[in-house]
Amino acid sequence: MKAFYTDHFVLPLPVGHRFPMEKYSRLRDLVANLSGIELIEAPSATDTQILYAHDPSYLIKVIEGKLSAHEQREIGFPWSEQMVERSRRSAGATVAAAKTALQEGIAANLAGGTHHAYRDAGSGFCVFNDSAIAARTLQKEISSTLKIAVIDLDVHQGNGTASILKHDDSIFTLSMHGENNFPFQKEESDLDLGLADGCHDDTYLHSLGKCLDQLDSRFKANCLIFLAGADPHEGDRLGRLQLSTEGMRLRDETVFQYALDRQLPIAFSMAGGYGKEIESTVDIHFQTIKTALQFQKQY
Ligand SMILES: [Zn+2]
C-alpha cells in the first residue's frame with residue numbers, strides 16, 4: 001500500500017503552539033517498519049488543482065503572504081513560505097492517494113483531512129481543502145463521470161468541505177461529528193450526524209452503520225475519500241466523545257469493509273487528533289494504517 005508523507009515539510013510554529021506537528025514524523029517512523037507499505041514523498045498540489053476548490057483571490061493571498069492578521073488567526077498558523085509549501089504538499093498527498101486508490105484499491109495520506117478550509121478562507125489549522133481538491137481533481141484529470149463520496153469521521157464537522165461542495169451533486173459529503181464541538185456554526189453536508197458528548201462505541205458504530213446505509217441508498221459512488229480523524233477517541237483533549245481504541249479500530253474496519261464489499265477505491269487521510277498524550281493519537285493513526293493494510297490485500 002502506498003502512503004504519501006509530508007512530515008519533513010515542517011511548518012514553523014511558535015513555542016508552545018497547541019498544534020501537535022510532531023505526530024506526523026512519529027507516525028511515519030512507525031509506518032516505516034511495516035511490511036507492505038511503500039512510503040512516497042507527497043507531490044505538491046498545483047495552482048490549477050487548488051483552484052478546482054478555491055477562489056483565485058484566496059490562493060493569491062496565501063501564496064503572496066497577504067493574509068490579514070485576522071485571516072491568519074482563523075487558520076491558527078502564522079503565515080510563512082513553509083506554511084504554503086506544507087499546505088500544497090498536504091493537498092497533493094490526498095490527490096496522489098486518490099489517484100493511486102483508483103489503480104490499487106487503497107492508498108493513504110499520512111496527514112491531510114483539512115476539512116475546515118472554505119472556498120475563500122482557511123480555518124481551524126486548515127489552509128487548503130484537500131478532500132475537495134482531490135475529488136474535483138479526479139473528475140477533471142481522470143474521468144468527468146466519477147462520483148465521489150467523502151466520508152468524514154473526524155470529530156469536528158467537515159464544514160469547509162460541505163460548503164465548497166454544497167451545490168455539487170457529483171460529490172456526496174457525509175460528516176459524523178460531535179454536535180457540541182467546533183465549528184459551532186455547522187454547514188449543511190449531504191448527510192450530517194451530530195453525536196452527543198460522551199458517545200461510546202456502541203452508539204457510535206450503530207450510527208455509522210445507519211449513515212453508510214443512507215449513503216448507499218442515496219448515492220452511487222465510484223470512489224471514496226475517508227477522513228479517519230483520531231479525535232473521537234476517549235484520550236483526546238478536544239474530542240468530547242468516548243470511543244475506545246478498539247471502537248476506533250472497528251470504525252475503520254466498518255468503512256474499509258464498506259468500500260471492499262462494493263469494490264470501491266478508497267483514499268484516506270489522518271485528519272485531527274489531539275491526544276492528552278501524543279502517543280495515543282499516533283497509535284490511533286497507526287492502527288488505521290494497519291487496518292487498511294489488511295484490506296488492501298483483498299483488493
Ligand atoms: Zn478534528
# chains A, B, ... in the order shown; residues from 1 in each chain; ligands from 1
call {"tool": "residues_near_ligand", "arguments": {"ligand": "ligand 1", "cutoff": "12 Å", "atoms": "only C-alpha atoms and all ligand atoms", "output": "MDAnalysis selection string"}}
result
chainID A and resid 19 112:116 123:126 152:159 175:178 181:183 227:233 236:241 269:275 281
call {"tool": "residues_around", "arguments": {"residues": "segment 282-288 of chain A", "least_positions_apart": "4", "cutoff": "8 Å", "atoms": "only C-alpha atoms", "output": "list in words"}}
result
Lys23, Tyr24, Arg26, Leu27, Leu30, Val31, Ala228, Gly229, Ala230, Thr245, Met248, Arg249, Asp252, Met270, Ile278 and Ala292 of chain A
call {"tool": "residues_around", "arguments": {"residues": "segment 211-223 of chain A", "least_positions_apart": "3", "cutoff": "6 Å", "atoms": "only C-alpha atoms", "output": "tab-separated table (two decimals) with N, CA and C atoms, in the first residue's frame"}}
result
chain	number	residue	atom	x	y	z
A	146	LEU	N	-16.80	10.31	-12.76
A	146	LEU	CA	-16.57	9.75	-11.42
A	146	LEU	C	-17.48	10.43	-10.39
A	147	LYS	N	-18.09	9.61	-9.55
A	147	LYS	CA	-18.89	10.14	-8.44
A	147	LYS	C	-18.21	9.73	-7.14
A	148	ILE	N	-17.96	10.72	-6.32
A	148	ILE	CA	-17.10	10.51	-5.16
A	148	ILE	C	-17.86	10.83	-3.88
A	149	ALA	N	-17.70	9.96	-2.87
A	149	ALA	CA	-18.28	10.24	-1.55
A	149	ALA	C	-17.15	10.55	-0.58
A	208	LEU	N	-22.87	4.96	12.69
A	208	LEU	CA	-22.07	4.87	11.47
A	208	LEU	C	-22.72	3.91	10.47
A	264	LEU	N	-15.01	-0.48	-4.07
A	264	LEU	CA	-14.78	0.95	-4.30
A	264	LEU	C	-13.37	1.33	-3.89
A	265	PRO	N	-12.65	2.03	-4.75
A	265	PRO	CA	-11.35	2.56	-4.34
A	265	PRO	C	-11.53	3.53	-3.18
call {"tool": "closest_residue", "arguments": {"among": "A:Ala45, A:Leu110, A:Ala121, A:Ile225", "to": "Ala135 of chain A", "atoms": "only C-alpha atoms"}}
result
A:Ile225
call {"tool": "atom_distance", "arguments": {"atom1": "atom CA of Trp79 of chain A", "atom2": "atom CA of Asp47 of chain A"}}
result
18.1 Å
call {"tool": "closest_residue", "arguments": {"among": "A:Gly16, A:Gly198, A:Pro43, A:Pro56", "to": "Asn180 of chain A", "atoms": "only C-alpha atoms"}}
result
A:Gly198
call {"tool": "select_by_dssp", "arguments": {"residues": "segment 55-265 of chain A", "states": "helix (DSSP H, G or I)", "output": "PyMOL selection string"}}
result
chain A and resi 56-64+69-75+81-104+130-141+159-164+201-218+245-261
call {"tool": "atom_distance", "arguments": {"atom1": "atom CA of Glu179 of chain A", "atom2": "atom CA of Gly209 of chain A"}}
result
18.1 Å
call {"tool": "residues_around", "arguments": {"residues": "Tyr52 of chain A", "least_positions_apart": "4", "cutoff": "7 Å", "atoms": "only C-alpha atoms", "output": "short mmCIF file (atom, residue, chain, number, x, y, z; two decimals) with N, CA and C atoms, in the first residue's frame"}}
result
data_model
loop_
_atom_site.label_atom_id
_atom_site.label_comp_id
_atom_site.auth_asym_id
_atom_site.auth_seq_id
_atom_site.Cartn_x
_atom_site.Cartn_y
_atom_site.Cartn_z
N THR A 48 -3.64 24.97 -10.48
CA THR A 48 -4.85 24.55 -11.19
C THR A 48 -5.69 23.63 -10.32
N ILE A 133 -10.31 19.30 -3.14
CA ILE A 133 -9.34 19.41 -4.23
C ILE A 133 -9.14 18.04 -4.90
N ARG A 136 -12.35 16.80 -6.89
CA ARG A 136 -12.51 17.55 -8.14
C ARG A 136 -11.38 17.23 -9.13
#
call {"tool": "closest_atom_pairs", "arguments": {"of": "segment 90-119 of chain A", "to": "segment 57-71 of chain A", "cutoff": "12 Å", "atoms": "only C-alpha atoms", "output": "Markdown table"}}
result
| residue | atom | partner | partner_atom | distance |
| --- | --- | --- | --- | --- |
| A:Ala117 | CA | A:Tyr58 | CA | 11.0 |
| A:Tyr118 | CA | A:Tyr58 | CA | 9.8 |
| A:Arg119 | CA | A:Tyr58 | CA | 7.9 |
call {"tool": "write_last_selection", "arguments": {"atoms": "N, CA and C atoms", "output": "mmCIF file, in the first residue's frame"}}
result
data_model
loop_
_atom_site.group_PDB
_atom_site.id
_atom_site.type_symbol
_atom_site.label_atom_id
_atom_site.label_comp_id
_atom_site.auth_asym_id
_atom_site.auth_seq_id
_atom_site.Cartn_x
_atom_site.Cartn_y
_atom_site.Cartn_z
ATOM 1 N N ALA A 117 -11.216 24.193 5.736
ATOM 2 C CA ALA A 117 -10.891 25.249 4.767
ATOM 3 C C ALA A 117 -12.069 25.471 3.827
ATOM 4 N N TYR A 118 -12.481 26.723 3.722
ATOM 5 C CA TYR A 118 -13.560 27.139 2.825
ATOM 6 C C TYR A 118 -12.980 27.548 1.476
ATOM 7 N N ARG A 119 -13.904 27.809 0.538
ATOM 8 C CA ARG A 119 -13.508 28.236 -0.804
ATOM 9 C C ARG A 119 -12.599 29.477 -0.772
#
call {"tool": "residues_around", "arguments": {"residues": "Ser44 of chain A", "least_positions_apart": "2", "cutoff": "8 Å", "atoms": "only C-alpha atoms", "output": "VMD selection string"}}
result
chain A and resid 42 46 85 88 to 93
call {"tool": "atom_distance", "arguments": {"atom1": "atom CA of Asp192 of chain A", "atom2": "atom CA of Ala97 of chain A"}}
result
24.9 Å
call {"tool": "closest_residue", "arguments": {"among": "A:Leu260, A:Val127, A:Ala96, A:Thr203", "to": "Glu74 of chain A", "atoms": "only C-alpha atoms"}}
result
A:Val127
call {"tool": "closest_residue", "arguments": {"among": "A:Arg28, A:Asp190, A:Gln296, A:Phe184", "to": "Asp168 of chain A", "atoms": "only C-alpha atoms"}}
result
A:Asp190
call {"tool": "select_by_dssp", "arguments": {"residues": "segment 157-229 of chain A", "states": "strand (DSSP E)", "output": "number ranges by chain"}}
result
A: 171-178, 191-195, 223-227
call {"tool": "closest_residue", "arguments": {"among": "A:Glu188, A:Ser170, A:Asp197, A:Leu34", "to": "Gln294 of chain A", "atoms": "only C-alpha atoms"}}
result
A:Leu34
call {"tool": "closest_residue", "arguments": {"among": "A:Asn129, A:Thr100, A:Thr161, A:Gln139", "to": "Glu38 of chain A", "atoms": "only C-alpha atoms"}}
result
A:Thr100
call {"tool": "residues_around", "arguments": {"residues": "Leu293 of chain A", "least_positions_apart": "3", "cutoff": "12 Å", "atoms": "only C-alpha atoms", "output": "NGL selection string"}}
result
:A and (1-3 or 31 or 34-38 or 104-108 or 252-253 or 256 or 268 or 286-290 or 296-299)
call {"tool": "decode", "arguments": {"residues": "segment 184-234 of chain A", "atoms": "N, CA and C atoms", "output": "compact mmCIF listing (two decimals), in the first residue's frame"}}
result
# COMPACT_ATOMS: atom_id res chain seq x y z
N PHE A 184 -18.83 25.82 15.64
CA PHE A 184 -20.09 26.00 16.36
C PHE A 184 -21.20 26.39 15.41
N GLN A 185 -20.86 26.97 14.29
CA GLN A 185 -21.83 27.19 13.22
C GLN A 185 -21.60 26.11 12.16
N LYS A 186 -22.48 25.11 12.11
CA LYS A 186 -22.30 23.99 11.18
C LYS A 186 -22.79 24.38 9.78
N GLU A 187 -22.21 23.74 8.79
CA GLU A 187 -22.72 23.86 7.42
C GLU A 187 -23.57 22.63 7.12
N GLU A 188 -24.22 22.64 5.97
CA GLU A 188 -25.07 21.51 5.63
C GLU A 188 -24.36 20.57 4.66
N SER A 189 -23.98 19.40 5.16
CA SER A 189 -23.43 18.36 4.29
C SER A 189 -24.60 17.65 3.62
N ASP A 190 -24.31 16.74 2.68
CA ASP A 190 -25.39 15.93 2.13
C ASP A 190 -25.99 15.05 3.21
N LEU A 191 -25.15 14.63 4.14
CA LEU A 191 -25.62 13.86 5.29
C LEU A 191 -24.79 14.23 6.51
N ASP A 192 -25.47 14.74 7.53
CA ASP A 192 -24.80 15.10 8.79
C ASP A 192 -25.37 14.27 9.91
N LEU A 193 -24.50 13.83 10.80
CA LEU A 193 -24.99 13.23 12.04
C LEU A 193 -24.16 13.80 13.19
N GLY A 194 -24.82 14.58 14.02
CA GLY A 194 -24.16 15.19 15.18
C GLY A 194 -24.37 14.33 16.41
N LEU A 195 -23.28 13.90 17.03
CA LEU A 195 -23.36 13.00 18.18
C LEU A 195 -23.29 13.80 19.49
N ALA A 196 -23.95 13.27 20.52
CA ALA A 196 -23.92 13.91 21.84
C ALA A 196 -22.56 13.70 22.51
N ASP A 197 -22.22 14.59 23.42
CA ASP A 197 -20.98 14.44 24.20
C ASP A 197 -20.98 13.08 24.90
N GLY A 198 -19.79 12.49 25.01
CA GLY A 198 -19.64 11.26 25.79
C GLY A 198 -20.06 10.01 25.05
N CYS A 199 -20.39 10.13 23.76
CA CYS A 199 -20.84 8.98 22.96
C CYS A 199 -19.81 7.83 23.02
N HIS A 200 -20.31 6.63 23.29
CA HIS A 200 -19.46 5.44 23.40
C HIS A 200 -19.47 4.62 22.11
N ASP A 201 -18.71 3.54 22.13
CA ASP A 201 -18.54 2.69 20.94
C ASP A 201 -19.86 2.23 20.32
N ASP A 202 -20.76 1.69 21.15
CA ASP A 202 -21.96 1.05 20.59
C ASP A 202 -22.81 2.05 19.82
N THR A 203 -23.06 3.20 20.44
CA THR A 203 -23.87 4.23 19.79
C THR A 203 -23.18 4.72 18.53
N TYR A 204 -21.87 4.91 18.64
CA TYR A 204 -21.11 5.43 17.50
C TYR A 204 -21.18 4.47 16.32
N LEU A 205 -20.92 3.20 16.59
CA LEU A 205 -20.86 2.23 15.49
C LEU A 205 -22.24 1.98 14.89
N HIS A 206 -23.25 2.02 15.74
CA HIS A 206 -24.62 1.88 15.25
C HIS A 206 -24.96 3.07 14.32
N SER A 207 -24.59 4.27 14.76
CA SER A 207 -24.87 5.47 13.96
C SER A 207 -24.11 5.43 12.64
N LEU A 208 -22.87 4.96 12.69
CA LEU A 208 -22.07 4.87 11.47
C LEU A 208 -22.72 3.91 10.47
N GLY A 209 -23.20 2.78 10.96
CA GLY A 209 -23.89 1.82 10.10
C GLY A 209 -25.08 2.46 9.41
N LYS A 210 -25.85 3.23 10.18
CA LYS A 210 -27.03 3.90 9.60
C LYS A 210 -26.63 4.92 8.54
N CYS A 211 -25.56 5.66 8.83
CA CYS A 211 -25.09 6.66 7.85
C CYS A 211 -24.65 5.98 6.55
N LEU A 212 -23.93 4.88 6.68
CA LEU A 212 -23.44 4.20 5.47
C LEU A 212 -24.61 3.58 4.69
N ASP A 213 -25.63 3.11 5.40
CA ASP A 213 -26.84 2.62 4.72
C ASP A 213 -27.48 3.73 3.91
N GLN A 214 -27.54 4.91 4.52
CA GLN A 214 -28.15 6.07 3.82
C GLN A 214 -27.32 6.46 2.61
N LEU A 215 -26.01 6.47 2.80
CA LEU A 215 -25.13 6.79 1.67
C LEU A 215 -25.41 5.84 0.51
N ASP A 216 -25.51 4.57 0.86
CA ASP A 216 -25.75 3.53 -0.13
C ASP A 216 -27.04 3.76 -0.90
N SER A 217 -28.08 4.16 -0.18
CA SER A 217 -29.39 4.30 -0.84
C SER A 217 -29.50 5.62 -1.60
N ARG A 218 -28.69 6.61 -1.22
CA ARG A 218 -28.87 7.94 -1.83
C ARG A 218 -27.87 8.28 -2.92
N PHE A 219 -26.75 7.51 -3.02
CA PHE A 219 -25.67 7.95 -3.90
C PHE A 219 -24.92 6.74 -4.43
N LYS A 220 -24.61 6.76 -5.70
CA LYS A 220 -23.90 5.63 -6.31
C LYS A 220 -22.44 6.07 -6.51
N ALA A 221 -21.63 5.87 -5.49
CA ALA A 221 -20.23 6.33 -5.56
C ALA A 221 -19.37 5.39 -6.39
N ASN A 222 -18.36 5.95 -7.06
CA ASN A 222 -17.31 5.13 -7.71
C ASN A 222 -16.03 5.15 -6.91
N CYS A 223 -15.95 6.03 -5.93
CA CYS A 223 -14.69 6.25 -5.22
C CYS A 223 -15.00 6.91 -3.88
N LEU A 224 -14.20 6.57 -2.86
CA LEU A 224 -14.41 7.14 -1.52
C LEU A 224 -13.16 7.88 -1.05
N ILE A 225 -13.39 8.98 -0.35
CA ILE A 225 -12.32 9.66 0.37
C ILE A 225 -12.73 9.65 1.84
N PHE A 226 -11.88 9.09 2.69
CA PHE A 226 -12.22 8.84 4.10
C PHE A 226 -11.30 9.67 5.00
N LEU A 227 -11.90 10.50 5.84
CA LEU A 227 -11.12 11.26 6.83
C LEU A 227 -11.19 10.49 8.15
N ALA A 228 -10.08 9.85 8.49
CA ALA A 228 -10.05 8.94 9.64
C ALA A 228 -9.54 9.67 10.88
N GLY A 229 -10.15 10.77 11.24
CA GLY A 229 -9.70 11.55 12.40
C GLY A 229 -9.54 10.67 13.65
N ALA A 230 -8.48 10.95 14.41
CA ALA A 230 -8.25 10.19 15.65
C ALA A 230 -8.98 10.85 16.82
N ASP A 231 -9.61 11.98 16.58
CA ASP A 231 -10.13 12.75 17.72
C ASP A 231 -11.47 12.32 18.33
N PRO A 232 -12.19 11.30 17.77
CA PRO A 232 -13.32 10.77 18.56
C PRO A 232 -12.85 9.89 19.74
N HIS A 233 -11.55 9.62 19.84
CA HIS A 233 -11.02 8.73 20.88
C HIS A 233 -11.15 9.32 22.28
N GLU A 234 -11.36 8.47 23.26
CA GLU A 234 -11.56 8.92 24.65
C GLU A 234 -10.35 9.67 25.22
